[in-house]
Structures are given as C-alpha cells and as structure tokens.
file final-v5.cif (mmCIF, C-alpha atoms)
data_work
loop_
_atom_site.label_atom_id
_atom_site.label_comp_id
_atom_site.auth_asym_id
_atom_site.auth_seq_id
_atom_site.Cartn_x
_atom_site.Cartn_y
_atom_site.Cartn_z
CA MET R 1 37.08 202.67 357.41
CA THR R 2 36.46 201.47 353.84
CA LYS R 3 38.28 198.31 352.74
CA LEU R 4 40.36 198.83 349.61
CA ALA R 5 39.59 196.61 346.64
CA ASP R 6 42.04 193.79 346.03
CA HIS R 7 41.82 194.26 342.25
CA LEU R 8 41.54 197.34 340.07
CA SER R 9 40.17 197.93 336.59
CA ILE R 10 42.46 199.26 333.86
CA GLY R 11 40.77 202.67 334.24
CA GLN R 12 41.45 202.73 337.97
CA VAL R 13 45.08 201.72 337.47
CA SER R 14 45.48 204.36 334.77
CA GLN R 15 43.96 207.06 336.97
CA ARG R 16 45.96 206.06 340.08
CA SER R 17 49.30 205.64 338.28
CA GLY R 18 49.01 208.42 335.70
CA VAL R 19 49.93 205.90 333.00
CA PRO R 20 47.67 205.79 329.91
CA HIS R 21 45.60 202.67 329.15
CA THR R 22 47.69 202.05 326.04
CA ALA R 23 50.91 201.97 328.04
CA LEU R 24 49.38 199.57 330.57
CA ARG R 25 48.39 197.19 327.79
CA PHE R 26 51.88 197.55 326.29
CA TYR R 27 53.49 196.76 329.66
CA GLU R 28 51.22 193.74 329.95
CA ASP R 29 52.11 192.55 326.44
CA ARG R 30 55.81 192.85 327.36
CA GLY R 31 55.29 190.85 330.56
CA LEU R 32 56.17 193.75 332.87
CA ILE R 33 52.79 193.62 334.61
CA SER R 34 49.97 191.10 334.59
CA ALA R 35 46.22 191.14 334.97
CA GLU R 36 43.56 188.57 335.61
CA ARG R 37 40.38 188.48 333.57
CA SER R 38 36.91 188.95 335.03
CA ALA R 39 33.93 186.83 334.02
CA GLY R 40 33.22 189.55 331.42
CA ASN R 41 36.84 189.27 330.13
CA GLN R 42 37.83 192.65 331.59
CA ARG R 43 41.32 193.20 332.95
CA ARG R 44 41.62 193.18 336.73
CA TYR R 45 44.99 194.15 338.15
CA PRO R 46 46.13 193.27 341.66
CA ARG R 47 46.62 196.38 343.79
CA SER R 48 50.37 195.63 343.93
CA VAL R 49 50.61 196.52 340.23
CA LEU R 50 50.65 200.20 341.24
CA ARG R 51 54.02 199.76 342.96
CA ARG R 52 55.32 197.73 340.03
CA ILE R 53 54.31 200.51 337.61
CA ALA R 54 56.01 203.11 339.82
CA PHE R 55 59.13 200.93 339.69
CA ILE R 56 58.95 200.74 335.87
CA ARG R 57 58.49 204.50 335.51
CA ALA R 58 61.35 205.30 337.90
CA ALA R 59 63.66 202.94 336.01
CA GLN R 60 62.65 204.54 332.70
CA ARG R 61 63.38 208.01 334.12
CA VAL R 62 66.97 207.02 334.85
CA GLY R 63 67.33 205.85 331.25
CA LEU R 64 66.95 202.08 331.51
CA SER R 65 65.50 200.20 328.56
CA LEU R 66 62.38 198.09 328.86
CA GLU R 67 64.60 195.02 328.35
CA GLU R 68 66.73 195.99 331.35
CA ILE R 69 63.61 196.71 333.41
CA SER R 70 62.04 193.41 332.38
CA GLU R 71 65.19 191.54 333.36
CA ALA R 72 65.19 193.23 336.77
CA LEU R 73 61.49 192.60 337.37
CA SER R 74 61.95 188.93 336.50
CA THR R 75 64.03 188.60 339.69
CA LEU R 76 61.10 189.77 341.82
CA PRO R 77 58.11 187.73 342.98
CA ARG R 78 55.01 188.49 340.92
CA ASP R 79 52.64 188.10 343.86
CA HIS R 80 53.62 191.26 345.75
CA ALA R 81 54.82 194.80 345.18
CA PRO R 82 58.55 195.52 344.91
CA THR R 83 59.92 196.71 348.25
CA LYS R 84 62.49 199.37 349.12
CA ALA R 85 65.01 196.54 349.63
CA ASP R 86 64.24 195.26 346.11
CA TRP R 87 64.81 198.72 344.63
CA THR R 88 68.07 199.14 346.59
CA ARG R 89 69.42 195.79 345.37
CA LEU R 90 68.50 196.44 341.74
CA SER R 91 69.70 200.03 341.71
CA LYS R 92 73.12 198.90 342.95
CA ASN R 93 73.30 196.56 339.97
CA TRP R 94 72.51 199.47 337.62
CA GLN R 95 74.95 201.93 339.15
CA ALA R 96 77.95 201.06 336.94
CA GLU R 97 75.83 201.30 333.78
CA LEU R 98 74.41 204.66 334.85
CA ASP R 99 77.89 205.97 335.73
CA ALA R 100 79.11 204.98 332.25
CA ARG R 101 76.16 206.77 330.64
CA ILE R 102 76.80 209.90 332.71
CA ASP R 103 80.47 209.86 331.69
CA ALA R 104 79.56 209.47 328.01
CA LEU R 105 77.09 212.35 328.20
CA GLN R 106 79.65 214.59 329.89
CA ARG R 107 82.21 213.81 327.17
CA LEU R 108 79.59 214.52 324.50
CA ARG R 109 78.74 217.82 326.18
CA ASP R 110 82.40 218.83 326.26
CA ARG R 111 82.92 217.92 322.58
CA LEU R 112 79.74 219.70 321.55
CA THR R 113 80.87 222.93 323.18
CA GLY R 114 84.18 222.77 321.32
CA CYS R 115 82.49 221.93 318.04
CA VAL R 116 80.06 224.83 318.20
CA GLY R 117 83.05 227.10 318.85
CA CYS R 118 84.94 226.02 315.74
CA GLY R 119 81.88 225.67 313.51
CA CYS R 120 83.55 223.09 311.26
CA LEU R 121 80.94 220.32 311.37
CA SER R 122 83.26 218.41 309.03
CA LEU R 123 82.03 214.88 308.48
CA ARG R 124 85.64 213.85 307.80
CA ALA R 125 87.26 215.31 310.93
CA CYS R 126 84.49 216.08 313.41
CA SER R 127 84.70 213.91 316.51
CA LEU R 128 80.94 214.18 316.97
CA HIS R 129 80.01 212.88 313.51
CA ASN R 130 83.00 210.64 312.83
CA THR R 131 83.98 209.21 316.21
CA ASP R 132 86.64 206.49 316.02
CA ASP R 133 86.28 206.08 312.24
CA GLN R 134 88.94 203.48 311.52
CA MET R 135 88.28 203.36 307.75
CA ALA R 136 88.53 207.11 307.06
CA ARG R 137 92.18 206.83 306.05
CA PHE R 138 91.14 204.66 303.06
CA GLY R 139 88.88 207.33 301.57
CA PRO R 140 85.12 207.84 301.23
CA GLY R 141 82.48 205.21 300.62
CA ALA R 142 81.77 201.70 301.80
CA ARG R 143 85.36 200.52 301.58
CA LEU R 144 84.72 197.07 303.01
CA LEU R 145 81.98 196.37 300.48
CA LYS R 146 84.08 197.20 297.42
CA PRO R 147 85.84 194.35 295.58
CA ALA R 148 89.46 193.72 296.60
CA THR R 149 90.68 193.99 292.98
CA GLU R 150 89.41 195.41 289.69
CA GLY R 151 88.22 192.00 288.55
CA GLY R 152 85.90 191.75 291.52
CA HIS R 153 87.93 189.02 293.25
#
call {"tool": "encode", "arguments": {"input": "final-v5.cif", "output": "structure tokens"}}
result
Amino acid sequence: MTKLADHLSIGQVSQRSGVPHTALRFYEDRGLISAERSAGNQRRYPRSVLRRIAFIRAAQRVGLSLEEISEALSTLPRDHAPTKADWTRLSKNWQAELDARIDALQRLRDRLTGCVGCGCLSLRACSLHNTDDQMARFGPGARLLKPATEGGH
C-alpha cells in the first residue's frame, strides 16, 4: 500500500478539492487555510487542508459569509482537519441565523408573487422597493440632508 504524502502542492489541492488555484490563494490571504513554503518557495499544504476546504465550501453553500466562516474556523485547531463533532457544534451556532434568512426569503417570495400580480412596481408604495420607508410621508428626495429652514440653519 502506498503511503499518502503529508503535504500537497497547490495543484494537487486544487485537483483534489475542485477549488481553483486563485480561490486557494484567496483563502490563504484571508487566513482560512495556510501553507508552508518549500525550499523553492512553493506552497505546500498539509493534507488536512482538504477537509478544511470542504468545510469552507459547505458553509458558503448554506449562505455564510467568509467573515462568518473565518470566525468559526478560528475556534478550531489549525493542526488537524475539522471533525464531524466540530461541524455539528458550529452548525448549531448558525441555525438561528439560517432560520432567519429562510424566513426572510419566504416573506420576499410571498411579496414578489403579490407584486407581479398587481404589476404596480410603484417606488412610492411597493413593499419590495420601499420596505419600511419611514421618511416617505415627508415627500421625495434626501429629506434629512436638506436644511431645516430656508436660510440653511
């Protein structure tokens, strides 16, 4: 049986993970993954980076920002791959945020259906374009930027 290499080149990581070289370098710049440098100054990633990349991609698929992913990864040891227990713990922390996003998308879907039916697309009254506009009752324009009186005071 062949022993697997402890470290992988950027090309090997890209091929194994399906993530382009550019994205790997971007992840590294953002501190999401890390590489060592060879004597020839080439990137060498620990094998565990493959699991970390899978973690990043899964979190992106559920709509998490890179900042949220970075914050989550900062709670994990850098010297080994995230485990199923790590994913379970972190996903529980994200559940409320994901539920709120799902609710917002469902409300948007319901409003969109109603809007298409009426066809108004009024920027003054449409709940899609003018949600919770508190200043609409004062008329058009940047009301808060206009002077309080004619003299500009």
call {"tool": "atom_distance", "arguments": {"input": "final-v5.cif", "atom1": "CA of Val19 (chain R)", "atom2": "CA of Ala39 (chain R)"}}
result
24.9 Å
call {"tool": "residues_around", "arguments": {"input": "final-v5.cif", "residues": "region 24-32 of chain R", "least_positions_apart": "5", "cutoff": "10 Å", "atoms": "all atoms listed in the file", "output": "number ranges by chain"}}
result
R: 10-11, 13-14, 17, 19, 43, 49, 52-53, 56, 66-67, 69-74, 78
call {"tool": "write_last_selection", "arguments": {"input": "final-v5.cif", "atoms": "C-alpha atoms", "output": "short mmCIF file (atom, residue, chain, number, x, y, z; two decimals), in the frame of the given file"}}
result
data_model
loop_
_atom_site.label_atom_id
_atom_site.label_comp_id
_atom_site.auth_asym_id
_atom_site.auth_seq_id
_atom_site.Cartn_x
_atom_site.Cartn_y
_atom_site.Cartn_z
CA ILE R 10 42.46 199.26 333.86
CA GLY R 11 40.77 202.67 334.24
CA VAL R 13 45.08 201.72 337.47
CA SER R 14 45.48 204.36 334.77
CA SER R 17 49.30 205.64 338.28
CA VAL R 19 49.93 205.90 333.00
CA ARG R 43 41.32 193.20 332.95
CA VAL R 49 50.61 196.52 340.23
CA ARG R 52 55.32 197.73 340.03
CA ILE R 53 54.31 200.51 337.61
CA ILE R 56 58.95 200.74 335.87
CA LEU R 66 62.38 198.09 328.86
CA GLU R 67 64.60 195.02 328.35
CA ILE R 69 63.61 196.71 333.41
CA SER R 70 62.04 193.41 332.38
CA GLU R 71 65.19 191.54 333.36
CA ALA R 72 65.19 193.23 336.77
CA LEU R 73 61.49 192.60 337.37
CA SER R 74 61.95 188.93 336.50
CA ARG R 78 55.01 188.49 340.92
#
call {"tool": "atom_distance", "arguments": {"input": "final-v5.cif", "atom1": "CA of Leu8 (chain R)", "atom2": "CA of His80 (chain R)"}}
result
14.7 Å
call {"tool": "atom_distance", "arguments": {"input": "final-v5.cif", "atom1": "CA of Glu68 (chain R)", "atom2": "CA of Trp94 (chain R)"}}
result
9.2 Å
call {"tool": "closest_residue", "arguments": {"input": "final-v5.cif", "among": "R:His7, R:Val62, R:Ala104, R:Asp79", "to": "Ser38 (chain R)", "atoms": "only C-alpha atoms"}}
result
R:His7
call {"tool": "residues_around", "arguments": {"input": "final-v5.cif", "residues": "Ser48 (chain R)", "least_positions_apart": "2", "cutoff": "6 Å", "atoms": "only C-alpha atoms", "output": "PyMOL selection string"}}
result
chain R and resi 46+50-51+80-81
call {"tool": "write_last_selection", "arguments": {"input": "final-v5.cif", "atoms": "C-alpha atoms", "output": "compact mmCIF listing (two decimals), keeping the file's coordinate frame"}}
result
# COMPACT_ATOMS: atom_id res chain seq x y z
CA PRO R 46 46.13 193.27 341.66
CA LEU R 50 50.65 200.20 341.24
CA ARG R 51 54.02 199.76 342.96
CA HIS R 80 53.62 191.26 345.75
CA ALA R 81 54.82 194.80 345.18
call {"tool": "closest_residue", "arguments": {"input": "final-v5.cif", "among": "R:Ser9, R:Ser34, R:Thr88, R:Thr83", "to": "Ala54 (chain R)", "atoms": "only C-alpha atoms"}}
result
R:Thr83
